[in-house]
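Text of the file start_30.txt, holding compact mmCIF, C-alpha atoms and all ligand atoms:
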# COMPACT_ATOMS: atom_id res chain seq x y z
CA MET E 1 -122.05 -18.05 -43.85
CA HIS E 2 -121.01 -20.96 -41.73
CA HIS E 3 -121.67 -22.12 -38.20
CA PHE E 4 -118.19 -22.31 -36.65
CA ARG E 5 -117.59 -19.62 -34.06
CA TYR E 6 -116.23 -18.96 -30.59
CA THR E 7 -118.70 -18.95 -27.75
CA GLY E 8 -116.63 -17.44 -24.97
CA GLN E 9 -113.19 -18.96 -25.41
CA LYS E 10 -114.33 -22.19 -27.00
CA LEU E 11 -114.72 -22.92 -30.69
CA HIS E 12 -118.15 -24.33 -31.45
CA CYS E 13 -119.72 -25.99 -34.44
CA GLU E 14 -123.36 -24.91 -34.22
CA SER E 15 -124.06 -25.50 -30.49
CA VAL E 16 -121.44 -28.20 -30.02
CA ASP E 17 -118.15 -27.53 -28.22
CA LEU E 18 -115.55 -28.98 -30.59
CA ALA E 19 -113.26 -29.90 -27.69
CA ALA E 20 -115.99 -32.27 -26.49
CA VAL E 21 -116.00 -33.96 -29.89
CA ALA E 22 -112.21 -34.38 -29.78
CA GLN E 23 -112.43 -35.67 -26.22
CA LEU E 24 -114.94 -38.34 -27.17
CA HIS E 25 -113.71 -39.37 -30.60
CA GLY E 26 -110.01 -38.44 -30.60
CA THR E 27 -108.04 -36.72 -33.34
CA PRO E 28 -107.57 -36.27 -36.22
CA THR E 29 -111.31 -36.02 -36.80
CA TYR E 30 -113.36 -34.28 -39.45
CA VAL E 31 -116.46 -32.47 -38.15
CA TYR E 32 -119.25 -31.31 -40.47
CA SER E 33 -122.05 -28.82 -39.80
CA ALA E 34 -125.42 -29.96 -41.13
CA GLN E 35 -126.85 -26.44 -40.81
CA THR E 36 -124.04 -24.94 -42.89
CA ILE E 37 -124.57 -27.50 -45.65
CA THR E 38 -128.31 -26.84 -45.54
CA ASP E 39 -127.84 -23.06 -45.71
CA ASN E 40 -125.38 -23.34 -48.60
CA TYR E 41 -127.72 -25.61 -50.54
CA ARG E 42 -130.78 -23.42 -50.04
CA ARG E 43 -128.88 -20.26 -50.80
CA LEU E 44 -127.57 -21.60 -54.10
CA ALA E 45 -130.98 -22.97 -55.09
CA ALA E 46 -132.53 -19.57 -54.33
CA SER E 47 -129.96 -17.76 -56.49
CA LEU E 48 -131.45 -19.28 -59.65
CA ALA E 49 -134.99 -19.49 -58.32
CA GLY E 50 -136.71 -18.46 -61.56
CA LEU E 51 -135.23 -21.36 -63.50
CA ASP E 52 -135.94 -25.09 -63.57
CA VAL E 53 -132.82 -26.00 -61.58
CA GLN E 54 -131.62 -29.44 -60.52
CA ILE E 55 -128.66 -29.39 -58.13
CA CYS E 56 -126.46 -32.44 -58.56
CA TYR E 57 -124.05 -32.32 -55.61
CA ALA E 58 -120.54 -33.28 -56.82
CA MET E 59 -120.04 -35.96 -54.22
CA LYS E 60 -116.32 -36.42 -54.80
CA ALA E 61 -115.92 -33.37 -52.55
CA ASN E 62 -117.31 -35.27 -49.54
CA SER E 63 -119.03 -38.62 -49.98
CA ASN E 64 -119.72 -39.67 -46.39
CA LEU E 65 -123.06 -41.52 -46.37
CA ALA E 66 -124.53 -39.22 -43.72
CA VAL E 67 -123.63 -36.16 -45.81
CA LEU E 68 -125.21 -37.78 -48.86
CA ARG E 69 -128.38 -38.52 -46.91
CA LEU E 70 -128.55 -34.93 -45.76
CA PHE E 71 -128.31 -33.76 -49.37
CA SER E 72 -130.89 -36.28 -50.44
CA ASN E 73 -133.26 -35.01 -47.73
CA LEU E 74 -132.72 -31.48 -49.06
CA GLY E 75 -133.82 -32.62 -52.51
CA ALA E 76 -130.40 -32.82 -54.15
CA ALA E 77 -129.36 -35.29 -56.79
CA PHE E 78 -125.70 -36.24 -57.31
CA ASP E 79 -122.85 -35.79 -59.73
CA LEU E 80 -120.85 -38.99 -59.49
CA VAL E 81 -117.62 -40.14 -61.10
CA SER E 82 -117.28 -43.86 -60.40
CA GLY E 83 -119.19 -47.06 -59.80
CA GLY E 84 -118.20 -46.76 -56.15
CA GLU E 85 -119.80 -43.33 -55.89
CA LEU E 86 -122.95 -44.67 -57.54
CA ARG E 87 -123.10 -47.42 -54.93
CA ARG E 88 -122.72 -44.76 -52.22
CA VAL E 89 -125.73 -42.86 -53.61
CA VAL E 90 -127.80 -46.02 -53.45
CA ALA E 91 -126.48 -46.92 -49.98
CA ALA E 92 -127.38 -43.45 -48.70
CA GLY E 93 -130.91 -43.67 -50.11
CA GLY E 94 -130.21 -41.00 -52.74
CA ASP E 95 -131.99 -40.65 -56.06
CA ALA E 96 -129.69 -42.18 -58.67
CA GLY E 97 -132.34 -41.61 -61.33
CA ARG E 98 -131.86 -37.84 -61.05
CA SER E 99 -128.07 -38.13 -60.81
CA VAL E 100 -125.43 -37.77 -63.50
CA PHE E 101 -122.37 -39.88 -64.22
CA ALA E 102 -119.25 -37.88 -65.18
CA GLY E 103 -115.60 -38.73 -65.77
CA VAL E 104 -113.17 -39.41 -68.63
CA GLY E 105 -112.54 -43.09 -67.92
CA LYS E 106 -115.83 -44.90 -67.32
CA THR E 107 -115.28 -48.66 -67.47
CA GLU E 108 -117.70 -51.13 -69.04
CA ALA E 109 -118.58 -52.45 -65.60
CA GLU E 110 -119.35 -48.94 -64.33
CA ILE E 111 -121.48 -48.15 -67.38
CA ARG E 112 -123.39 -51.41 -66.90
CA LEU E 113 -124.01 -50.66 -63.22
CA ALA E 114 -125.22 -47.15 -64.06
CA LEU E 115 -127.61 -48.47 -66.73
CA GLN E 116 -128.97 -51.11 -64.39
CA THR E 117 -129.39 -48.63 -61.53
CA GLY E 118 -130.73 -45.92 -63.83
CA VAL E 119 -129.11 -42.47 -64.03
CA PHE E 120 -130.34 -39.14 -65.37
CA GLY E 121 -127.49 -38.86 -67.83
CA PHE E 122 -124.03 -40.05 -68.76
CA HIS E 123 -121.76 -37.04 -69.21
CA VAL E 124 -119.62 -38.19 -72.11
CA GLU E 125 -116.08 -36.95 -72.59
CA SER E 126 -114.99 -38.56 -75.90
CA GLU E 127 -116.21 -40.30 -79.05
CA PRO E 128 -114.81 -43.72 -78.00
CA GLU E 129 -116.88 -43.37 -74.84
CA LEU E 130 -120.04 -42.88 -76.95
CA ALA E 131 -119.26 -46.16 -78.72
CA ARG E 132 -118.70 -47.97 -75.44
CA ILE E 133 -121.89 -46.71 -73.78
CA ASN E 134 -123.87 -47.61 -76.90
CA HIS E 135 -122.34 -51.10 -76.86
CA VAL E 136 -123.12 -51.80 -73.20
CA ALA E 137 -126.63 -50.33 -73.51
CA GLY E 138 -127.22 -52.59 -76.52
CA GLN E 139 -126.17 -55.66 -74.52
CA LEU E 140 -128.71 -54.73 -71.86
CA GLY E 141 -131.41 -53.83 -74.40
CA ARG E 142 -131.58 -50.25 -73.09
CA LYS E 143 -131.16 -46.72 -74.32
CA ALA E 144 -128.54 -44.71 -72.45
CA PRO E 145 -129.33 -41.04 -71.75
CA ILE E 146 -126.31 -38.92 -72.64
CA ALA E 147 -124.98 -35.38 -72.68
CA ILE E 148 -121.62 -34.50 -74.17
CA ARG E 149 -119.18 -32.41 -72.16
CA ILE E 150 -118.06 -29.38 -74.10
CA ASN E 151 -114.65 -27.92 -73.39
CA PRO E 152 -115.27 -24.21 -73.99
CA ASP E 153 -111.53 -23.29 -73.87
CA VAL E 154 -111.94 -20.68 -71.16
CA ASP E 155 -109.29 -19.90 -68.57
CA ALA E 156 -110.87 -20.34 -65.14
CA LYS E 157 -107.84 -18.59 -63.58
CA THR E 158 -107.60 -21.09 -60.78
CA HIS E 159 -104.82 -23.50 -59.71
CA ALA E 160 -103.39 -25.50 -62.65
CA LYS E 161 -104.35 -28.83 -61.04
CA ILE E 162 -108.01 -27.86 -60.80
CA THR E 163 -108.54 -26.08 -64.09
CA THR E 164 -110.43 -28.22 -66.59
CA GLY E 165 -111.92 -26.00 -69.27
CA LYS E 166 -108.83 -25.15 -71.32
CA SER E 167 -108.18 -26.91 -74.62
CA GLU E 168 -105.01 -28.50 -73.23
CA ASN E 169 -106.96 -30.26 -70.45
CA LYS E 170 -108.06 -33.88 -70.84
CA PHE E 171 -111.72 -33.01 -70.33
CA GLY E 172 -114.56 -32.76 -72.80
CA ILE E 173 -114.76 -32.14 -76.53
CA PRO E 174 -113.78 -28.77 -78.02
CA LEU E 175 -116.72 -26.63 -79.13
CA GLU E 176 -115.56 -26.72 -82.75
CA HIS E 177 -115.80 -30.55 -82.81
CA ALA E 178 -118.92 -30.82 -80.68
CA ALA E 179 -121.41 -30.78 -83.58
CA GLU E 180 -119.66 -33.80 -85.13
CA ALA E 181 -119.69 -35.60 -81.79
CA TYR E 182 -123.46 -35.05 -81.43
CA ALA E 183 -123.99 -36.20 -85.03
CA ALA E 184 -122.04 -39.34 -84.21
CA ALA E 185 -124.07 -39.86 -81.03
CA ALA E 186 -127.34 -39.52 -82.99
CA LYS E 187 -126.36 -42.47 -85.18
CA TYR E 188 -125.97 -44.88 -82.29
CA PRO E 189 -129.17 -46.87 -81.77
CA HIS E 190 -128.75 -47.29 -78.03
CA LEU E 191 -128.06 -43.67 -77.09
CA GLU E 192 -130.61 -41.00 -76.32
CA ILE E 193 -129.33 -37.43 -76.57
CA LYS E 194 -130.68 -35.58 -73.57
CA GLY E 195 -128.43 -32.64 -72.80
CA VAL E 196 -125.19 -30.75 -72.99
CA GLN E 197 -122.60 -30.29 -70.27
CA MET E 198 -119.61 -28.10 -69.33
CA HIS E 199 -117.39 -27.69 -66.26
CA ILE E 200 -114.44 -25.33 -66.43
CA GLY E 201 -112.65 -25.83 -63.12
CA SER E 202 -112.78 -25.53 -59.38
CA GLN E 203 -112.39 -22.80 -56.73
CA LEU E 204 -113.40 -19.99 -59.12
CA THR E 205 -113.59 -16.68 -57.31
CA SER E 206 -115.21 -14.61 -60.04
CA ALA E 207 -118.30 -14.97 -62.19
CA ALA E 208 -116.50 -13.80 -65.33
CA PRO E 209 -115.10 -17.18 -66.50
CA PHE E 210 -118.51 -18.82 -65.93
CA VAL E 211 -120.21 -16.11 -67.95
CA GLU E 212 -117.64 -16.38 -70.72
CA ALA E 213 -117.99 -20.17 -70.91
CA VAL E 214 -121.79 -20.27 -70.67
CA ALA E 215 -122.08 -17.53 -73.32
CA LYS E 216 -119.92 -19.65 -75.63
CA VAL E 217 -122.00 -22.79 -75.15
CA VAL E 218 -125.51 -21.22 -75.16
CA PRO E 219 -125.86 -20.82 -78.97
CA PHE E 220 -124.75 -24.41 -79.41
CA ALA E 221 -127.22 -25.59 -76.78
CA LEU E 222 -130.02 -23.84 -78.68
CA ARG E 223 -129.02 -25.68 -81.85
CA LEU E 224 -129.02 -28.98 -79.98
CA LYS E 225 -132.48 -28.22 -78.66
CA GLN E 226 -133.73 -27.72 -82.22
CA ASP E 227 -131.84 -30.63 -83.79
CA TYR E 228 -132.07 -33.27 -81.08
CA GLY E 229 -134.65 -32.01 -78.62
CA ILE E 230 -132.26 -31.82 -75.68
CA THR E 231 -133.89 -31.03 -72.36
CA TYR E 232 -131.03 -29.96 -70.13
CA PHE E 233 -127.87 -27.87 -69.89
CA SER E 234 -125.44 -28.69 -67.09
CA VAL E 235 -123.19 -25.76 -66.26
CA GLY E 236 -120.96 -27.83 -63.97
CA GLY E 237 -119.60 -26.78 -60.60
CA GLY E 238 -116.62 -24.73 -59.52
CA ILE E 239 -117.90 -21.95 -57.25
CA GLY E 240 -115.07 -21.06 -54.87
CA ILE E 241 -115.11 -20.58 -51.12
CA VAL E 242 -113.20 -18.56 -48.49
CA TYR E 243 -109.98 -20.11 -47.24
CA GLN E 244 -108.22 -17.01 -45.87
CA ASP E 245 -109.98 -15.48 -42.86
CA ALA E 246 -112.40 -18.36 -43.01
CA LEU E 247 -113.52 -17.88 -39.44
CA ALA E 248 -114.48 -14.25 -39.96
CA SER E 249 -116.40 -15.19 -43.08
CA GLY E 250 -118.89 -16.97 -40.88
CA ASP E 251 -119.93 -13.83 -39.08
CA ALA E 252 -119.20 -11.12 -41.57
CA GLY E 253 -121.19 -12.59 -44.39
CA TRP E 254 -119.70 -14.36 -47.32
CA TRP E 255 -116.24 -12.90 -47.02
CA SER E 256 -114.50 -10.92 -44.37
CA ALA E 257 -113.59 -7.32 -44.94
CA LYS E 258 -109.97 -8.28 -44.29
CA SER E 259 -109.60 -10.76 -47.11
CA GLU E 260 -108.95 -8.29 -49.90
CA GLY E 261 -107.16 -10.85 -52.04
CA GLU E 262 -109.86 -13.46 -51.85
CA ARG E 263 -113.45 -12.39 -52.35
CA PRO E 264 -115.19 -15.51 -53.40
CA LEU E 265 -118.13 -15.40 -55.53
CA THR E 266 -121.42 -15.26 -53.70
CA PRO E 267 -124.15 -17.59 -54.96
CA GLU E 268 -126.28 -14.47 -55.50
CA ALA E 269 -123.66 -12.95 -57.81
CA TYR E 270 -123.28 -16.28 -59.60
CA GLY E 271 -127.02 -16.60 -60.11
CA ALA E 272 -127.46 -12.99 -61.17
CA ALA E 273 -124.68 -13.30 -63.74
CA LEU E 274 -125.90 -16.57 -65.25
CA ALA E 275 -129.69 -16.32 -65.09
CA PRO E 276 -130.04 -13.85 -68.00
CA LEU E 277 -127.97 -16.16 -70.21
CA LEU E 278 -129.72 -19.36 -69.15
CA ALA E 279 -133.36 -18.29 -68.88
CA PRO E 280 -133.99 -17.81 -72.64
CA LEU E 281 -132.87 -21.39 -73.33
CA GLY E 282 -136.00 -22.89 -71.83
CA LEU E 283 -133.99 -25.90 -70.67
CA LYS E 284 -133.63 -27.61 -67.31
CA ILE E 285 -130.43 -26.28 -65.72
CA LEU E 286 -128.19 -28.68 -63.83
CA LEU E 287 -125.66 -27.34 -61.35
CA GLU E 288 -122.85 -29.58 -60.08
CA PRO E 289 -121.36 -27.78 -57.09
CA GLY E 290 -119.10 -29.70 -54.73
CA ARG E 291 -116.74 -27.44 -52.82
CA PHE E 292 -119.24 -24.60 -52.45
CA LEU E 293 -121.77 -26.78 -50.66
CA VAL E 294 -119.49 -28.56 -48.18
CA GLY E 295 -116.13 -26.75 -48.10
CA ASN E 296 -116.85 -24.27 -45.33
CA ALA E 297 -119.11 -26.78 -43.55
CA GLY E 298 -116.22 -28.90 -42.28
CA VAL E 299 -113.17 -28.65 -40.04
CA LEU E 300 -110.37 -31.07 -39.26
CA LEU E 301 -109.59 -31.32 -35.56
CA SER E 302 -106.00 -32.06 -34.63
CA ARG E 303 -103.90 -32.25 -31.49
CA VAL E 304 -100.49 -30.66 -30.98
CA GLU E 305 -97.89 -33.36 -30.43
CA TYR E 306 -94.86 -31.14 -29.98
CA LEU E 307 -93.87 -27.53 -30.14
CA LYS E 308 -90.31 -27.79 -31.42
CA ARG E 309 -88.61 -24.46 -30.95
CA GLY E 310 -85.54 -23.80 -33.06
CA ALA E 311 -83.07 -20.99 -33.66
CA ALA E 312 -84.24 -20.33 -37.21
CA ARG E 313 -87.76 -21.73 -37.08
CA ASN E 314 -90.40 -23.14 -34.80
CA PHE E 315 -92.31 -26.25 -35.76
CA LEU E 316 -95.74 -27.08 -34.49
CA VAL E 317 -95.96 -30.85 -34.96
CA LEU E 318 -99.58 -31.96 -35.24
CA ASP E 319 -101.20 -35.39 -35.17
CA ALA E 320 -102.87 -34.66 -38.53
CA ALA E 321 -100.77 -35.08 -41.63
CA MET E 322 -100.79 -34.81 -45.40
CA ASN E 323 -102.46 -38.21 -45.58
CA ASP E 324 -105.49 -36.75 -43.74
CA LEU E 325 -105.61 -33.42 -45.59
CA VAL E 326 -103.53 -33.38 -48.75
CA ARG E 327 -104.64 -30.03 -50.20
CA PRO E 328 -101.71 -27.97 -48.87
CA ALA E 329 -99.15 -30.50 -50.15
CA MET E 330 -100.93 -31.08 -53.45
CA TYR E 331 -102.24 -27.65 -54.41
CA GLU E 332 -100.27 -25.33 -52.13
CA ALA E 333 -103.68 -24.70 -50.62
CA TYR E 334 -104.19 -22.42 -47.63
CA HIS E 335 -106.20 -23.53 -44.61
CA GLU E 336 -106.73 -21.28 -41.64
CA VAL E 337 -105.74 -23.02 -38.39
CA VAL E 338 -107.24 -21.84 -35.10
CA PRO E 339 -107.03 -23.04 -31.48
CA LEU E 340 -110.10 -24.69 -29.97
CA LEU E 341 -109.45 -22.68 -26.81
CA ARG E 342 -108.93 -19.02 -27.56
CA ASP E 343 -106.81 -17.17 -25.02
CA SER E 344 -106.02 -13.58 -25.89
CA ALA E 345 -103.56 -13.36 -22.99
CA ARG E 346 -101.15 -15.70 -24.74
CA PRO E 347 -98.38 -14.44 -27.00
CA ALA E 348 -98.43 -15.12 -30.72
CA LEU E 349 -96.40 -17.98 -32.10
CA LYS E 350 -94.77 -18.03 -35.50
CA ALA E 351 -94.20 -21.58 -36.69
CA ASP E 352 -94.32 -24.02 -39.54
CA LEU E 353 -97.34 -26.28 -39.08
CA VAL E 354 -96.30 -29.82 -39.92
CA GLY E 355 -97.51 -33.40 -39.63
CA PRO E 356 -95.53 -36.43 -38.49
CA ILE E 357 -95.04 -37.99 -41.95
CA CYS E 358 -91.51 -38.60 -43.18
CA GLU E 359 -91.67 -36.13 -46.10
CA SER E 360 -90.73 -32.48 -46.21
CA GLY E 361 -93.95 -32.02 -48.15
CA ASP E 362 -95.90 -32.90 -45.02
CA CYS E 363 -96.25 -29.25 -44.18
CA PHE E 364 -99.58 -27.45 -43.81
CA ALA E 365 -98.22 -23.92 -43.56
CA LYS E 366 -94.89 -22.12 -43.40
CA ASP E 367 -94.25 -19.17 -41.06
CA ARG E 368 -97.82 -19.11 -39.85
CA THR E 369 -98.64 -16.80 -36.96
CA LEU E 370 -101.22 -18.05 -34.50
CA GLN E 371 -101.92 -17.98 -30.80
CA THR E 372 -99.31 -20.04 -28.91
CA VAL E 373 -100.53 -23.58 -28.37
CA GLY E 374 -98.65 -26.33 -26.64
CA GLU E 375 -98.42 -30.09 -26.41
CA GLY E 376 -101.80 -31.78 -26.02
CA GLU E 377 -103.81 -28.73 -27.07
CA LEU E 378 -106.28 -28.79 -29.93
CA VAL E 379 -106.55 -26.88 -33.19
CA ALA E 380 -108.99 -26.86 -36.10
CA PHE E 381 -108.22 -26.62 -39.81
CA LEU E 382 -111.06 -24.56 -41.26
CA SER E 383 -112.75 -24.93 -44.65
CA ALA E 384 -111.79 -28.60 -44.67
CA GLY E 385 -115.21 -30.03 -45.60
CA ALA E 386 -114.43 -30.45 -49.31
CA TYR E 387 -111.66 -32.61 -50.77
CA GLY E 388 -110.46 -33.41 -47.25
CA TYR E 389 -111.50 -36.88 -46.16
CA THR E 390 -112.23 -37.98 -49.73
CA MET E 391 -108.62 -37.36 -50.79
CA ALA E 392 -107.12 -38.92 -47.67
CA SER E 393 -104.85 -41.97 -47.79
CA ARG E 394 -103.20 -44.41 -45.41
CA TYR E 395 -99.66 -43.26 -46.14
CA ASN E 396 -97.27 -44.19 -43.29
CA THR E 397 -99.92 -46.75 -42.21
CA ARG E 398 -101.95 -44.03 -40.64
CA PRO E 399 -105.62 -44.97 -40.35
CA MET E 400 -108.35 -43.01 -42.09
CA ALA E 401 -109.60 -40.27 -39.74
CA ALA E 402 -112.96 -40.31 -37.97
CA GLU E 403 -115.90 -38.20 -39.21
CA VAL E 404 -118.60 -36.55 -37.08
CA LEU E 405 -121.79 -34.77 -38.13
CA VAL E 406 -123.20 -31.95 -36.01
CA SER E 407 -126.78 -30.74 -36.04
CA GLY E 408 -127.71 -28.09 -33.48
CA SER E 409 -126.60 -29.38 -30.10
CA ARG E 410 -126.34 -32.99 -31.31
CA PHE E 411 -123.36 -34.72 -32.80
CA GLU E 412 -122.80 -38.23 -33.97
CA LEU E 413 -119.87 -40.28 -35.21
CA VAL E 414 -120.67 -40.96 -38.88
CA ASN E 415 -117.45 -42.78 -39.69
CA ALA E 416 -115.33 -44.49 -37.07
CA ARG E 417 -111.59 -44.08 -37.08
CA GLU E 418 -110.13 -46.97 -39.01
CA ASN E 419 -108.37 -49.64 -36.97
CA PHE E 420 -105.22 -51.55 -37.82
CA ASP E 421 -106.97 -54.83 -38.61
CA ALA E 422 -109.24 -53.14 -41.15
CA MET E 423 -106.22 -51.46 -42.73
CA VAL E 424 -104.42 -54.74 -43.43
CA SER E 425 -107.49 -56.95 -43.91
CA GLY E 426 -106.96 -57.33 -47.67
CA GLU E 427 -103.27 -58.13 -47.36
CA LYS E 428 -101.74 -61.56 -47.03
CA ILE E 429 -98.35 -63.18 -46.96
CA PRO E 430 -98.12 -65.60 -49.93
CA GLY E 431 -97.43 -69.26 -49.39
CA PHE E 432 -94.03 -69.07 -51.12
CA LEU E 433 -92.78 -66.71 -48.40
CA SER E 434 -94.23 -68.48 -45.44
CA THR E 435 -91.53 -71.02 -44.74
C1 LIG E 501 -115.23 -31.90 -59.68
C2 LIG E 501 -116.39 -31.62 -60.55
C3 LIG E 501 -117.41 -30.80 -60.09
C4 LIG E 501 -117.38 -30.10 -58.76
O1 LIG E 501 -116.40 -29.12 -58.68
P1 LIG E 501 -116.40 -28.11 -57.43
O2 LIG E 501 -115.30 -27.18 -57.71
O3 LIG E 501 -116.16 -28.92 -56.21
O4 LIG E 501 -117.72 -27.43 -57.41
C5 LIG E 501 -118.51 -30.64 -60.91
N1 LIG E 501 -118.60 -31.22 -62.13
C6 LIG E 501 -117.60 -32.01 -62.60
C7 LIG E 501 -117.75 -32.63 -63.94
C8 LIG E 501 -116.47 -32.23 -61.84
O5 LIG E 501 -115.48 -32.99 -62.31

Please lay out the structure from this file as structure tokens.
Amino acid sequence: MHHFRYTGQKLHCESVDLAAVAQLHGTPTYVYSAQTITDNYRRLAASLAGLDVQICYAMKANSNLAVLRLFSNLGAAFDLVSGGELRRVVAAGGDAGRSVFAGVGKTEAEIRLALQTGVFGFHVESEPELARINHVAGQLGRKAPIAIRINPDVDAKTHAKITTGKSENKFGIPLEHAAEAYAAAAKYPHLEIKGVQMHIGSQLTSAAPFVEAVAKVVPFALRLKQDYGITYFSVGGGIGIVYQDALASGDAGWWSAKSEGERPLTPEAYGAALAPLLAPLGLKILLEPGRFLVGNAGVLLSRVEYLKRGAARNFLVLDAAMNDLVRPAMYEAYHEVVPLLRDSARPALKADLVGPICESGDCFAKDRTLQTVGEGELVAFLSAGAYGYTMASRYNTRPMAAEVLVSGSRFELVNARENFDAMVSGEKIPGFLST
């Protein structure tokens, strides 16, 4: 479920007319629905209700401070991957002490910051990282809580750039070497073994790979509980969302009847598949969902600059570009694009949807059919709440987009559009060029 739908002809987010948001704050602008995030969070928590579950929202999906505060108010902790993300948790008033620090390349400075701030666990990806965390913890006279990420060598059957649980990926330690890694960890005086972790990939649309991976790791987790007294098992994130027919998925339940090819996993199916495997462990279960919680809770509003009609092809040139939403260019991702003003009297238009950037790759969709829209009219990219703003760049000296949070009939700018001075504020012309 999500809360984007037409009321009459106008696309609304909850009770807010999205055209009014564009009018006030311009485009391109990301708009997030607080109610959708809240519903997603509660629904996932309920799916594993019998277990001791701690949801650590994978904030790399959307790390706006207002979004983080909303999650914190809901009782979420965070899965973070950099010192910058840790500082965001603190800035948003989130609970770092219940949050976990993941990533293959933690620097000494980041480890120090995490130890000083206090985190629930470091999710360790290699033996050299164990040595480094032990070293920094020793310098600070602390013990670092750790869990080792196991790579269960399971094919998540998702896009190659977002699969992480195969042996050829850079992530984690293979199950067959994991016992040695834990034995090594146990010898370090400044490490405290607290858990075990896995994460096999993103945008998974079936429970089967999760089940396969969890079933592989469960016997090992039981051994770790006996040998080292671990207290938690993090099963990672990765639950997929609807991208095709995303609008219909709001009304028709989790997926629309039309989207035969894409029937994302419901949280209920996810919970029902995993609970029987996880319950007998008697461990705290950490979930690290990112996309599932925020993906369908956000849209990117954009204005049509030109409708360029050609003999072979039409091009709808938008004011949003690959720098604002890189998923289509980077992952060949599909985003549904709909007009803010629906007018069934208008003919359909078949066009390539493109941005203004000087790259052929700056294309959101080829041969897309949608209602005809013309210069100055507004459209929304749906399911843009995850890996949208956080992956944006300033390519072509385009400022970072604005972000707005909606709650009921209220909306507020939660990140102003960047201005030119801010964009170049760190740059300077060196003295040796100034004459
Ligand atoms: C990216 C990531 C997640 C979140 O993935 P989603 O597909 O957005 O749910 C969770 N855990 C780890 C370790 C990650 O790297």

Problem - Cut-off 8 Å around (-107.0, -42.8, -49.0) with all atoms listed in the file: residues as a PyMOL selection string - result: chain E and resi 323+389-395+400

Go ahead and write the selection's residues with C-alpha atoms as a PDB file, keeping the file's coordinate frame.
ATOM      1  CA  ASN E 323    -102.460 -38.210 -45.580  1.00  0.00           C
ATOM      2  CA  TYR E 389    -111.500 -36.880 -46.160  1.00  0.00           C
ATOM      3  CA  THR E 390    -112.230 -37.980 -49.730  1.00  0.00           C
ATOM      4  CA  MET E 391    -108.620 -37.360 -50.790  1.00  0.00           C
ATOM      5  CA  ALA E 392    -107.120 -38.920 -47.670  1.00  0.00           C
ATOM      6  CA  SER E 393    -104.850 -41.970 -47.790  1.00  0.00           C
ATOM      7  CA  ARG E 394    -103.200 -44.410 -45.410  1.00  0.00           C
ATOM      8  CA  TYR E 395     -99.660 -43.260 -46.140  1.00  0.00           C
ATOM      9  CA  MET E 400    -108.350 -43.010 -42.090  1.00  0.00           C
TER      10      MET E 400
END

Excluding Leu191 of chain E and any residue of its chain fewer than 5 positions from it, enumerate the residues within 8 Å of it, using only C-alpha atoms, and give them as a PDB file with C-alpha atoms, in the frame of the given file.
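Generated file (around_34.pdb):
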ATOM      1  CA  ILE E 133    -121.890 -46.710 -73.780  1.00  0.00           C
ATOM      2  CA  ASN E 134    -123.870 -47.610 -76.900  1.00  0.00           C
ATOM      3  CA  ALA E 137    -126.630 -50.330 -73.510  1.00  0.00           C
ATOM      4  CA  LYS E 143    -131.160 -46.720 -74.320  1.00  0.00           C
ATOM      5  CA  ALA E 144    -128.540 -44.710 -72.450  1.00  0.00           C
ATOM      6  CA  PRO E 145    -129.330 -41.040 -71.750  1.00  0.00           C
ATOM      7  CA  ILE E 146    -126.310 -38.920 -72.640  1.00  0.00           C
ATOM      8  CA  ALA E 185    -124.070 -39.860 -81.030  1.00  0.00           C
ATOM      9  CA  ALA E 186    -127.340 -39.520 -82.990  1.00  0.00           C
TER      10      ALA E 186
END

Within 7 Å of ligand LIG 501 (chain E): each chain E residue with its shortest pair, only C-alpha atoms and all ligand atoms, as a tab-separated table:
residue	atom	partner	partner_atom	distance
E:Ala58	CA	E:LIG501	C4	4.9
E:Lys60	CA	E:LIG501	C1	6.7
E:Ala61	CA	E:LIG501	O3	5.8
E:Asp79	CA	E:LIG501	N1	6.7
E:Ala102	CA	E:LIG501	C7	5.6
E:Gly103	CA	E:LIG501	O5	6.7
E:His199	CA	E:LIG501	C7	5.5
E:Gly201	CA	E:LIG501	O2	6.2
E:Ser202	CA	E:LIG501	O2	3.4
E:Gln203	CA	E:LIG501	O2	5.3
E:Gly236	CA	E:LIG501	N1	4.5
E:Gly237	CA	E:LIG501	O4	3.8
E:Gly238	CA	E:LIG501	O2	3.3
E:Ile239	CA	E:LIG501	O4	5.5
E:Gly240	CA	E:LIG501	O2	6.8
E:Glu288	CA	E:LIG501	C5	4.5
E:Pro289	CA	E:LIG501	O4	3.7
E:Gly290	CA	E:LIG501	O3	3.4
E:Arg291	CA	E:LIG501	O3	3.7
E:Phe292	CA	E:LIG501	O4	5.9

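For the pair atom CA of Ser126 of chain E and atom CA of Ala178 of chain E, the separation is 9.9 Å.
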
For segment 12-92 of chain E against segment 364-387 of chain E, with a cut-off of 10 Å and counting all atoms listed in the file, what is the closest atom pair and its distance in Å to one decimal for every residue that makes the cut, ordered by chain and number, as CSV?
residue,atom,partner,partner_atom,distance
E:Leu18,CA,E:Ala380,CA,8.8
E:Ala19,CA,E:Leu378,CA,7.4
E:Ala22,CA,E:Leu378,CA,8.2
E:Gln23,CA,E:Leu378,CA,9.9
E:Thr27,CA,E:Leu378,CA,8.8
E:Pro28,CA,E:Ala380,CA,9.5
E:Thr29,CA,E:Ala380,CA,9.5
E:Tyr30,CA,E:Gly385,CA,7.7
E:Val31,CA,E:Gly385,CA,7.9
E:Tyr32,CA,E:Gly385,CA,6.7
E:Ser33,CA,E:Gly385,CA,9.0
E:Ile37,CA,E:Gly385,CA,9.7
E:Met59,CA,E:Ala386,CA,9.3
E:Lys60,CA,E:Tyr387,CA,7.2
E:Ala61,CA,E:Ala386,CA,4.6
E:Asn62,CA,E:Ala386,CA,5.6
E:Ser63,CA,E:Ala386,CA,9.4
